[in-house]
>>> print(open('run24.txt').read())   # compact mmCIF, C-alpha atoms
# COMPACT_ATOMS: atom_id res chain seq x y z
CA MET A 1 -36.45 -32.88 31.58
CA VAL A 2 -35.02 -35.71 29.45
CA ASN A 3 -33.83 -38.75 31.44
CA SER A 4 -30.44 -39.49 29.86
CA SER A 5 -26.83 -40.53 30.52
CA ILE A 6 -23.95 -38.50 29.05
CA TYR A 7 -20.57 -39.93 28.00
CA ILE A 8 -17.39 -38.22 26.80
CA PHE A 9 -14.72 -40.24 24.98
CA GLY A 10 -11.84 -39.84 22.55
CA SER A 11 -8.34 -40.80 21.47
CA PHE A 12 -5.45 -38.53 22.51
CA ASP A 13 -1.64 -38.85 22.70
CA ASN A 14 -1.76 -41.87 25.03
CA GLY A 15 -4.62 -43.61 23.22
CA TYR A 16 -8.31 -44.13 24.02
CA THR A 17 -9.92 -42.49 27.08
CA GLN A 18 -13.52 -42.37 28.31
CA TYR A 19 -15.60 -40.97 31.17
CA PRO A 20 -17.41 -42.62 32.78
CA ASP A 21 -15.51 -45.79 31.89
CA ASN A 22 -17.76 -48.87 31.52
CA TYR A 23 -19.03 -51.53 29.10
CA ALA A 24 -19.79 -48.93 26.39
CA LYS A 25 -16.09 -48.62 25.45
CA GLY A 26 -16.41 -51.08 22.55
CA ILE A 27 -19.47 -49.29 21.17
CA PHE A 28 -17.77 -45.87 21.16
CA GLN A 29 -14.55 -47.21 19.61
CA ASN A 30 -16.66 -48.77 16.84
CA PHE A 31 -18.27 -45.35 16.25
CA PHE A 32 -14.85 -43.95 15.28
CA ALA A 33 -13.73 -47.07 13.37
CA GLN A 34 -16.75 -46.74 11.03
CA ALA A 35 -16.65 -42.89 10.81
CA ARG A 36 -16.96 -41.60 7.23
CA SER A 37 -16.25 -37.87 7.61
CA LYS A 38 -14.69 -35.17 9.78
CA SER A 39 -17.92 -34.78 11.78
CA GLN A 40 -20.77 -37.25 12.17
CA ILE A 41 -23.59 -38.42 14.41
CA ILE A 42 -23.87 -42.18 14.93
CA ILE A 43 -27.17 -43.56 16.23
CA HIS A 44 -27.03 -47.10 17.63
CA ARG A 45 -30.15 -49.02 18.69
CA ASP A 46 -29.67 -51.94 21.07
CA LYS A 47 -33.15 -53.25 21.89
CA GLU A 48 -34.70 -50.50 24.11
CA LEU A 49 -31.47 -48.47 24.37
CA MET A 50 -30.72 -45.60 21.96
CA TYR A 51 -27.14 -44.32 21.76
CA TYR A 52 -26.84 -40.85 20.13
CA GLY A 53 -23.10 -40.55 19.54
CA TYR A 54 -21.05 -37.77 17.96
CA VAL A 55 -17.46 -38.13 16.69
CA ARG A 56 -15.31 -35.15 15.66
CA LYS A 57 -11.93 -36.00 14.16
CA LEU A 58 -9.14 -33.67 15.30
CA ASP A 59 -6.44 -32.25 13.00
CA LYS A 60 -3.76 -34.61 14.37
CA SER A 61 -3.84 -38.07 12.81
CA SER A 62 -5.90 -40.71 14.70
CA GLN A 63 -7.04 -38.22 17.38
CA TYR A 64 -10.76 -37.50 17.97
CA ILE A 65 -13.24 -36.28 20.59
CA GLY A 66 -16.68 -37.78 21.03
CA PHE A 67 -19.89 -37.45 23.04
CA CYS A 68 -22.82 -39.82 23.55
CA VAL A 69 -26.35 -39.39 24.95
CA LEU A 70 -28.00 -42.64 26.08
CA LEU A 71 -31.81 -42.96 26.26
CA ASN A 72 -33.89 -45.91 27.49
CA GLY A 73 -37.16 -46.62 25.69
CA MET A 74 -37.21 -43.17 24.09
CA MET A 75 -35.88 -41.54 20.90
CA PHE A 76 -35.37 -38.06 19.41
CA SER A 77 -37.24 -36.84 16.32
CA ASN A 78 -34.78 -34.09 15.36
CA ILE A 79 -31.18 -34.73 14.27
CA SER A 80 -30.07 -31.19 13.32
CA ASN A 81 -30.56 -29.95 16.91
CA LEU A 82 -28.24 -32.70 18.15
CA PHE A 83 -25.53 -31.46 15.76
CA VAL A 84 -25.89 -27.94 17.20
CA ILE A 85 -25.53 -29.20 20.79
CA PHE A 86 -22.45 -31.31 20.05
CA GLU A 87 -20.76 -28.65 17.84
CA ASN A 88 -21.24 -26.03 20.57
CA ALA A 89 -19.68 -28.48 23.05
CA VAL A 90 -16.58 -28.81 20.81
CA ALA A 91 -16.31 -25.01 20.57
CA GLU A 92 -16.61 -24.72 24.37
CA LEU A 93 -13.80 -27.25 24.92
CA VAL A 94 -11.53 -25.45 22.45
CA SER A 95 -12.19 -22.05 24.06
CA HIS A 96 -11.09 -23.39 27.47
CA GLY A 97 -8.13 -25.35 26.07
CA ASP A 98 -7.91 -27.89 28.91
CA ILE A 99 -8.87 -30.97 26.86
CA ILE A 100 -8.59 -29.83 23.22
CA ALA A 101 -7.26 -26.52 21.86
CA PHE A 102 -5.80 -24.69 18.86
CA ASN A 103 -2.06 -25.07 18.30
CA GLU A 104 0.10 -22.28 16.77
CA CYS A 105 -0.87 -23.46 13.25
CA GLY A 106 -4.61 -23.14 13.92
CA ASP A 107 -5.18 -26.92 14.11
CA ILE A 108 -7.31 -28.50 16.85
CA ILE A 109 -5.29 -31.02 18.91
CA SER A 110 -5.60 -32.71 22.32
CA THR A 111 -3.99 -31.08 25.37
CA THR A 112 -4.41 -33.94 27.85
CA SER A 113 -3.65 -37.65 27.86
CA SER A 114 -6.69 -38.75 29.87
CA LEU A 115 -10.19 -37.42 30.65
CA VAL A 116 -9.81 -38.69 34.23
CA ASN A 117 -7.15 -35.99 34.76
CA LYS A 118 -9.69 -33.28 33.80
CA LEU A 119 -12.82 -34.20 35.77
CA LYS A 120 -13.73 -30.57 36.49
CA GLU A 121 -13.78 -29.74 32.76
CA VAL A 122 -15.52 -33.06 31.95
CA ASN A 123 -18.30 -32.34 34.45
CA SER A 124 -18.69 -28.81 33.07
CA ILE A 125 -19.10 -29.92 29.45
CA THR A 126 -21.36 -32.80 30.54
CA ALA A 127 -23.64 -30.26 32.24
CA MET A 128 -23.65 -28.12 29.07
CA ILE A 129 -24.67 -31.10 26.89
CA LYS A 130 -27.26 -32.16 29.48
CA ASN A 131 -28.76 -28.68 29.39
CA GLY A 132 -28.99 -28.81 25.59
CA ILE A 133 -30.61 -32.26 25.68
CA ASN A 134 -33.19 -31.05 28.22
CA GLY A 135 -34.10 -28.35 25.70
CA MET A 136 -35.15 -31.12 23.27
CA GLU A 137 -38.02 -32.32 25.47
CA SER A 138 -40.50 -31.49 22.69
CA TYR A 139 -38.61 -33.79 20.25
CA LYS A 140 -38.68 -36.82 22.58
CA LYS A 141 -41.04 -39.69 21.77
CA SER A 142 -41.49 -43.37 22.57
CA LEU A 143 -39.33 -45.92 20.79
CA PRO A 144 -41.28 -48.12 18.32
CA PRO A 145 -41.00 -51.94 18.45
CA ILE A 146 -37.93 -53.63 16.94
CA ASN A 147 -38.17 -54.60 13.26
CA TYR A 148 -36.94 -58.22 13.39
CA SER A 149 -36.83 -58.45 9.58
CA ILE A 150 -33.65 -56.34 9.66
CA SER A 151 -30.31 -57.73 10.93
CA ASN A 152 -29.15 -56.42 14.32
CA THR A 153 -25.79 -55.50 12.75
CA GLU A 154 -27.01 -53.71 9.61
CA GLN A 155 -25.85 -50.13 8.99
CA LYS A 156 -27.20 -47.17 7.01
CA VAL A 157 -25.16 -44.13 5.98
CA PHE A 158 -26.69 -40.73 5.15
CA ALA A 159 -25.45 -37.24 4.37
CA TYR A 160 -26.44 -34.38 6.67
CA ASN A 161 -28.75 -32.88 4.03
CA TYR A 162 -31.07 -35.92 3.89
CA PRO A 163 -34.69 -35.24 5.05
CA ASN A 164 -35.07 -35.45 8.81
CA ASP A 165 -37.95 -37.98 8.56
CA THR A 166 -35.71 -40.36 6.59
CA LEU A 167 -32.98 -40.16 9.25
CA ILE A 168 -35.43 -40.69 12.12
CA ASP A 169 -37.08 -43.68 10.42
CA ALA A 170 -33.67 -45.33 9.82
CA SER A 171 -32.44 -44.63 13.37
CA CYS A 172 -35.11 -46.81 14.99
CA LYS A 173 -34.98 -49.60 12.35
CA TYR A 174 -31.24 -50.23 11.89
CA ALA A 175 -28.57 -51.12 14.42
CA TYR A 176 -26.26 -48.30 13.27
CA THR A 177 -27.25 -45.10 11.44
CA TYR A 178 -24.42 -42.74 10.37
CA VAL A 179 -25.20 -39.11 9.52
CA ALA A 180 -22.06 -37.51 7.98
CA LYS A 181 -21.41 -33.77 7.95
CA ASP A 182 -18.41 -32.79 5.77
CA LYS A 183 -18.71 -29.01 6.08
CA GLY A 184 -20.23 -26.34 8.30
CA TYR A 185 -19.33 -28.22 11.50
CA ASN A 186 -17.33 -25.33 13.01
CA THR A 187 -19.21 -22.58 14.86
CA ALA A 188 -18.75 -18.97 13.69
CA SER A 189 -16.52 -18.09 16.64
CA LEU A 190 -14.35 -21.18 16.09
CA LEU A 191 -13.85 -20.30 12.40
CA GLY A 192 -12.92 -16.72 13.30
CA TYR A 193 -10.25 -17.71 15.81
CA LYS A 194 -8.88 -20.39 13.48
CA GLY A 195 -8.48 -17.88 10.61
CA ILE A 196 -6.66 -15.35 12.81
CA ILE A 197 -4.25 -17.94 14.22
CA ARG A 198 -3.38 -19.38 10.79
CA LYS A 199 -2.77 -15.89 9.34
CA LEU A 200 -0.42 -14.95 12.20
CA HIS A 201 1.45 -18.26 11.89
CA LYS A 202 2.01 -17.70 8.16
CA GLU A 203 3.36 -14.18 8.77
CA LYS A 204 5.68 -15.51 11.47
CA GLU A 205 7.09 -18.20 9.15
CA GLU A 206 7.69 -15.67 6.35
CA LEU A 207 9.59 -13.32 8.68
CA SER A 208 11.66 -16.19 10.11
CA SER A 209 12.54 -17.39 6.61
CA GLU A 210 13.71 -13.91 5.56
CA TYR A 211 15.76 -13.57 8.74
CA ASP A 212 17.49 -16.94 8.17
CA LYS A 213 18.28 -16.01 4.55
CA LEU A 214 19.94 -12.72 5.55
CA LYS A 215 21.86 -14.39 8.37
CA SER A 216 23.19 -17.03 5.94
CA GLN A 217 24.42 -14.33 3.52
CA TYR A 218 26.05 -12.45 6.39
CA ASN A 219 27.94 -15.57 7.58
CA LYS A 220 29.04 -16.37 4.03
CA LEU A 221 30.54 -12.90 3.52
CA ASN A 222 32.28 -13.08 6.90
CA LYS A 223 33.91 -16.35 5.83
CA GLN A 224 35.04 -14.83 2.51
CA LYS A 225 36.49 -11.84 4.39
CA LYS A 226 38.61 -14.15 6.57
CA GLN A 227 39.86 -16.04 3.49
CA TYR A 228 40.94 -12.81 1.77
CA ARG A 229 42.80 -11.74 4.88
CA ASN A 230 44.72 -15.02 4.87
CA VAL A 231 45.64 -14.51 1.20
CA VAL A 232 46.93 -10.99 1.92
CA VAL A 233 49.07 -12.24 4.81
CA LEU A 234 50.45 -15.04 2.63
CA CYS A 235 51.25 -12.59 -0.18
CA VAL A 236 53.03 -10.30 2.25
CA VAL A 237 55.10 -13.22 3.56
CA VAL A 238 55.92 -14.29 0.02
CA ALA A 239 56.87 -10.74 -0.90
CA VAL A 240 59.15 -10.37 2.13
CA CYS A 241 60.84 -13.69 1.37
CA GLY A 242 61.30 -12.66 -2.25
CA ILE A 243 62.85 -9.34 -1.26
CA GLY A 244 65.26 -11.15 1.08
CA LEU A 245 66.24 -13.62 -1.66
CA PHE A 246 66.74 -10.88 -4.19
CA PHE A 247 68.86 -8.83 -1.79
CA LEU A 248 70.90 -11.95 -1.02
CA ASN A 249 71.35 -12.60 -4.74
CA ASP A 250 72.39 -8.96 -5.20
CA SER A 251 75.02 -9.31 -2.49
CA LEU A 252 76.38 -12.48 -4.10
CA ASN A 253 76.40 -11.34 -7.72
CA SER A 254 76.68 -7.54 -7.21
CA THR A 255 74.98 -6.87 -10.54
CA GLN A 256 72.69 -3.95 -11.37
CA GLN A 257 70.60 -6.15 -13.66
CA THR A 258 69.56 -8.48 -10.77
CA LEU A 259 68.68 -5.51 -8.57
CA GLU A 260 66.48 -3.91 -11.27
CA GLN A 261 64.69 -7.22 -11.83
CA THR A 262 64.04 -7.59 -8.10
CA GLN A 263 62.68 -4.07 -7.85
CA SER A 264 60.36 -4.73 -10.82
CA GLU A 265 58.95 -7.84 -9.16
CA ASN A 266 58.44 -5.97 -5.89
CA VAL A 267 56.44 -3.30 -7.70
CA GLN A 268 54.21 -5.98 -9.26
CA LYS A 269 53.55 -7.64 -5.88
CA GLY A 270 52.76 -4.25 -4.40
CA LYS A 271 50.06 -3.82 -7.05
CA THR A 272 48.70 -7.27 -6.21
CA ILE A 273 48.49 -6.32 -2.53
CA GLN A 274 46.70 -3.07 -3.45
CA GLU A 275 44.16 -5.00 -5.51
CA LEU A 276 43.55 -7.43 -2.63
CA ASN A 277 43.13 -4.53 -0.20
CA SER A 278 40.64 -3.00 -2.62
CA ASN A 279 38.70 -6.30 -2.71
CA ILE A 280 38.66 -6.41 1.09
CA THR A 281 37.32 -2.85 1.21
CA THR A 282 34.55 -3.82 -1.24
CA LEU A 283 33.64 -6.90 0.81
CA ASN A 284 33.55 -4.82 3.98
CA GLY A 285 31.11 -2.49 2.22
CA ASN A 286 28.92 -5.46 1.22
CA ILE A 287 28.97 -6.77 4.80
CA SER A 288 27.94 -3.34 6.13
CA HIS A 289 25.07 -3.25 3.61
CA LEU A 290 23.87 -6.72 4.64
CA GLU A 291 24.12 -5.81 8.33
CA SER A 292 22.01 -2.74 7.59
CA SER A 293 19.47 -4.87 5.69
CA LEU A 294 19.37 -7.37 8.55
CA SER A 295 18.76 -4.57 11.05
CA LEU A 296 15.98 -3.19 8.81
CA GLU A 297 14.27 -6.61 8.56
CA GLN A 298 14.49 -7.04 12.34
CA SER A 299 12.90 -3.61 12.72
CA LYS A 300 10.11 -4.63 10.31
CA ARG A 301 9.53 -7.80 12.30
CA GLU A 302 9.25 -5.81 15.53
CA GLU A 303 6.82 -3.40 13.81
CA ALA A 304 4.72 -6.36 12.60
CA GLU A 305 4.60 -7.80 16.13
CA THR A 306 3.59 -4.36 17.46
CA GLU A 307 0.83 -4.11 14.81
CA LEU A 308 -0.33 -7.62 15.74
CA ASN A 309 -0.62 -6.65 19.42
CA THR A 310 -2.44 -3.46 18.36
CA LEU A 311 -4.91 -5.54 16.28
CA LYS A 312 -5.49 -7.83 19.25
CA ASN A 313 -6.20 -4.82 21.49
CA ILE A 314 -8.54 -3.34 18.86
CA TYR A 315 -10.38 -6.66 18.61
CA LEU A 316 -10.79 -6.85 22.39
CA GLU A 317 -11.90 -3.17 22.48
CA GLN A 318 -14.55 -3.81 19.82
CA GLN A 319 -15.70 -7.12 21.28
CA PRO A 320 -15.22 -7.27 25.07
CA LEU A 321 -17.02 -10.61 25.36
CA PHE A 322 -17.24 -14.05 23.68
CA VAL A 323 -20.74 -15.53 23.32
CA LYS A 324 -20.65 -19.29 23.90
CA SER A 325 -24.30 -20.36 23.47
CA THR A 326 -27.85 -18.96 23.27
CA SER A 327 -31.42 -20.08 23.94
CA PHE A 328 -34.78 -18.36 23.37
CA ASN A 329 -37.99 -18.56 25.41
CA PHE A 330 -40.87 -18.08 22.95
CA ASN A 331 -43.33 -17.59 25.81
CA SER A 332 -41.49 -14.75 27.56
CA GLY A 333 -39.68 -13.26 24.56
CA TRP A 334 -36.28 -13.29 26.35
CA LEU A 335 -33.05 -14.47 24.65
CA SER A 336 -30.66 -16.02 27.19
CA PHE A 337 -26.95 -16.45 26.50
CA GLU A 338 -23.76 -17.75 28.09
CA TYR A 339 -20.68 -15.58 27.63
CA TYR A 340 -17.08 -15.06 28.69
CA GLY A 341 -16.12 -11.42 29.45
CA TYR A 342 -12.55 -10.38 28.67
CA TYR A 343 -12.91 -7.29 30.87
CA GLU A 344 -15.60 -5.11 32.46
CA LYS A 345 -17.28 -2.62 30.15
CA THR A 346 -20.67 -0.99 29.56
CA VAL A 347 -21.89 -1.42 25.98
CA THR A 348 -25.08 -1.00 23.95
CA LEU A 349 -26.11 -4.61 23.24
CA GLY A 350 -28.47 -5.23 20.33
CA VAL A 351 -30.53 -8.32 19.46
CA ARG A 352 -32.49 -9.24 16.36
CA ALA A 353 -34.31 -12.22 14.90
CA LEU A 354 -34.98 -12.92 11.23
CA ASP A 355 -37.09 -15.63 9.57
CA GLY A 356 -37.03 -14.46 5.94
CA ASP A 357 -40.38 -12.60 6.08
CA TYR A 358 -40.20 -10.51 9.24
CA SER A 359 -37.49 -9.26 11.57
CA TYR A 360 -37.55 -8.25 15.22
CA SER A 361 -34.92 -6.17 17.03
CA ASN A 362 -34.20 -4.46 20.34
CA SER A 363 -31.22 -2.97 22.19
CA THR A 364 -30.27 -2.14 25.76
CA THR A 365 -27.37 -0.95 27.87
CA PHE A 366 -25.43 -4.01 29.07
CA ASN A 367 -22.68 -4.24 31.70
CA VAL A 368 -20.06 -6.84 30.65
CA GLU A 369 -18.55 -8.67 33.63
CA LYS A 370 -15.17 -10.39 33.41
CA GLY A 371 -15.20 -14.21 33.36
CA HIS A 372 -17.95 -16.79 32.62
CA HIS A 373 -21.50 -15.48 33.11
CA SER A 374 -25.13 -15.92 32.02
CA ALA A 375 -27.37 -13.05 30.88
CA SER A 376 -30.56 -12.35 28.90
CA ILE A 377 -32.08 -9.63 26.75
CA TYR A 378 -35.69 -9.04 25.82
CA LEU A 379 -36.63 -9.24 22.11
CA SER A 380 -40.35 -9.91 21.59
CA SER A 381 -43.02 -12.34 22.76
CA ASN A 382 -44.66 -12.29 19.32
CA LEU A 383 -42.30 -14.88 17.79
CA SER A 384 -43.85 -18.21 16.91
CA SER A 385 -42.29 -21.38 18.33
CA SER A 386 -43.39 -23.24 15.18
CA ARG A 387 -40.97 -21.24 13.02
CA TRP A 388 -37.19 -21.11 12.88
CA TYR A 389 -35.49 -17.76 13.47
CA SER A 390 -31.90 -16.62 13.12
CA PHE A 391 -31.00 -14.80 16.34
CA GLU A 392 -28.04 -12.37 16.39
CA LEU A 393 -26.38 -10.45 19.23
CA LEU A 394 -24.65 -7.21 18.15
CA ILE A 395 -22.46 -4.43 19.49
CA GLY A 396 -23.01 -1.58 17.03
CA ASN A 397 -23.09 -3.22 13.58
CA LYS A 398 -20.77 -6.08 14.64
CA ILE A 399 -22.33 -9.52 15.17
CA ILE A 400 -20.74 -11.11 18.26
CA GLY A 401 -22.83 -14.28 18.53
CA GLY A 402 -26.08 -16.00 17.70
CA ASP A 403 -27.80 -19.21 16.69
CA ARG A 404 -30.99 -20.62 15.19
CA HIS A 405 -33.95 -21.42 17.46
>>> encode(input="run24.txt", output="structure tokens")
Amino acid sequence: MVNSSIYIFGSFDNGYTQYPDNYAKGIFQNFFAQARSKSQIIIHRDKELMYYGYVRKLDKSSQYIGFCVLLNGMMFSNISNLFVIFENAVAELVSHGDIIAFNECGDIISTTSSLVNKLKEVNSITAMIKNGINGMESYKKSLPPINYSISNTEQKVFAYNYPNDTLIDASCKYAYTYVAKDKGYNTASLLGYKGIIRKLHKEKEELSSEYDKLKSQYNKLNKQKKQYRNVVVLCVVVAVCGIGLFFLNDSLNSTQQTLEQTQSENVQKGKTIQELNSNITTLNGNISHLESSLSLEQSKREEAETELNTLKNIYLEQQPLFVKSTSFNFNSGWLSFEYYGYYEKTVTLGVRALDGDYSYSNSTTFNVEKGHHSASIYLSSNLSSSRWYSFELLIGNKIIGGDRH
């Protein structure tokens, strides 16, 4: 077991928050202030203390989540394993949604203003990180003496793909060592959920835009219809007034010529009214067509929502559980994993390991239980702990989780 202290910190809607809250606040805030990329590990040596910090910038400006493992007199000789532990912790927080979560656009944002308000979730993720750190017992070694020829404020910045020996050597020599990781920092499950959410959001925006366009055309035609009605009424009033004036003029002058002229004008106004009525009929037809189109688009939108729900049900039917993390015991040959079951179901669970030259596989009947659970499946005790293997859990031909061990 590795003797360590675990910290969680970050900046949310109400500013900086940390648990437990102590003197280390300034150190962690400096981690973020000097951060070079979306995801990075920052190693800070302060005499016999080694701070292994991780900062992950969120998708909302100035927000971030961070973790730190504090060792006294000891150091780690493997950086890539630390990335795996911290990235799995981010994925775990997002899956629960109590501290950080996906919004409707597929961006990761904070969902709380303070870590103190979420102590149950903080303790849970602390235990998960602690468990991962305990698994690095074989990479723990004594801290070498301080190199006093190097300033106690000097920094070194490296990319993730630098050799591990170079990173380890710098971490114990310099006050601050930054290891930046610009891509590949999301777990497979996190990328999958993010892609689905962003696709659904885009489809929703397209349907809403089409609906607003049709509604605008409908309102415009309704307004034109009212204007034409007012014109018709005005023309009728004018025509009636003209008829009255012409009849009055006929009574005063008693001439056939005036009467014929009045009748001719009345016929012309009648034609005008007929033309306006024809225009109104045409507009009514256009309005009916637009109402029909609007109804059709609404029907399409409902069908799309139904198809979306069907796809969600199909996804849950094909994958009744979400694998959160895995670990492998090379002595016993058992692969252990943490999972969340969406519902109870009996499935044929497969497991395989590949290292480029050989592959190992096995399968068994597995009863999925609803909620958070731990389980294990036997693979082989012939795997060598000195090699790296890619472990995969499968239902049929579908990979539902895995990791490198």
>>> residues_around(input="run24.txt", residues="Asn230 (chain A)", least_positions_apart="6", cutoff="12 Å", atoms="only C-alpha atoms", output="PyMOL selection string")
chain A and resi 223-224+236-237+276-277+280
>>> write_last_selection(input="run24.txt", atoms="C-alpha atoms", output="tab-separated table (two decimals), in the frame of the given file")
chain	number	residue	atom	x	y	z
A	223	LYS	CA	33.91	-16.35	5.83
A	224	GLN	CA	35.04	-14.83	2.51
A	236	VAL	CA	53.03	-10.30	2.25
A	237	VAL	CA	55.10	-13.22	3.56
A	276	LEU	CA	43.55	-7.43	-2.63
A	277	ASN	CA	43.13	-4.53	-0.20
A	280	ILE	CA	38.66	-6.41	1.09
>>> atom_distance(input="run24.txt", atom1="CA of Asn309 (chain A)", atom2="CA of Phe102 (chain A)")
18.8 Å
>>> closest_residue(input="run24.txt", among="A:Asn3, A:Asn147, A:Ser216, A:Asn382", to="Met74 (chain A)", atoms="only C-alpha atoms")
A:Asn3
>>> closest_residue(input="run24.txt", among="A:Ser189, A:Ser376, A:Asn72, A:Thr365", to="Phe337 (chain A)", atoms="all atoms listed in the file")
A:Ser376
>>> closest_residue(input="run24.txt", among="A:Lys300, A:Lys220, A:Lys140, A:Lys398", to="Val351 (chain A)", atoms="only C-alpha atoms")
A:Lys398
>>> residues_around(input="run24.txt", residues="Asp13 (chain A)", least_positions_apart="4", cutoff="8 Å", atoms="only C-alpha atoms", output="list in words")
Gln63, Ser110, Thr112 and Ser113 of chain A
>>> residues_around(input="run24.txt", residues="Glu48 (chain A)", least_positions_apart="4", cutoff="12 Å", atoms="only C-alpha atoms", output="VMD selection string")
chain A and resid 44 70 to 75 142 to 146 172 to 173 175
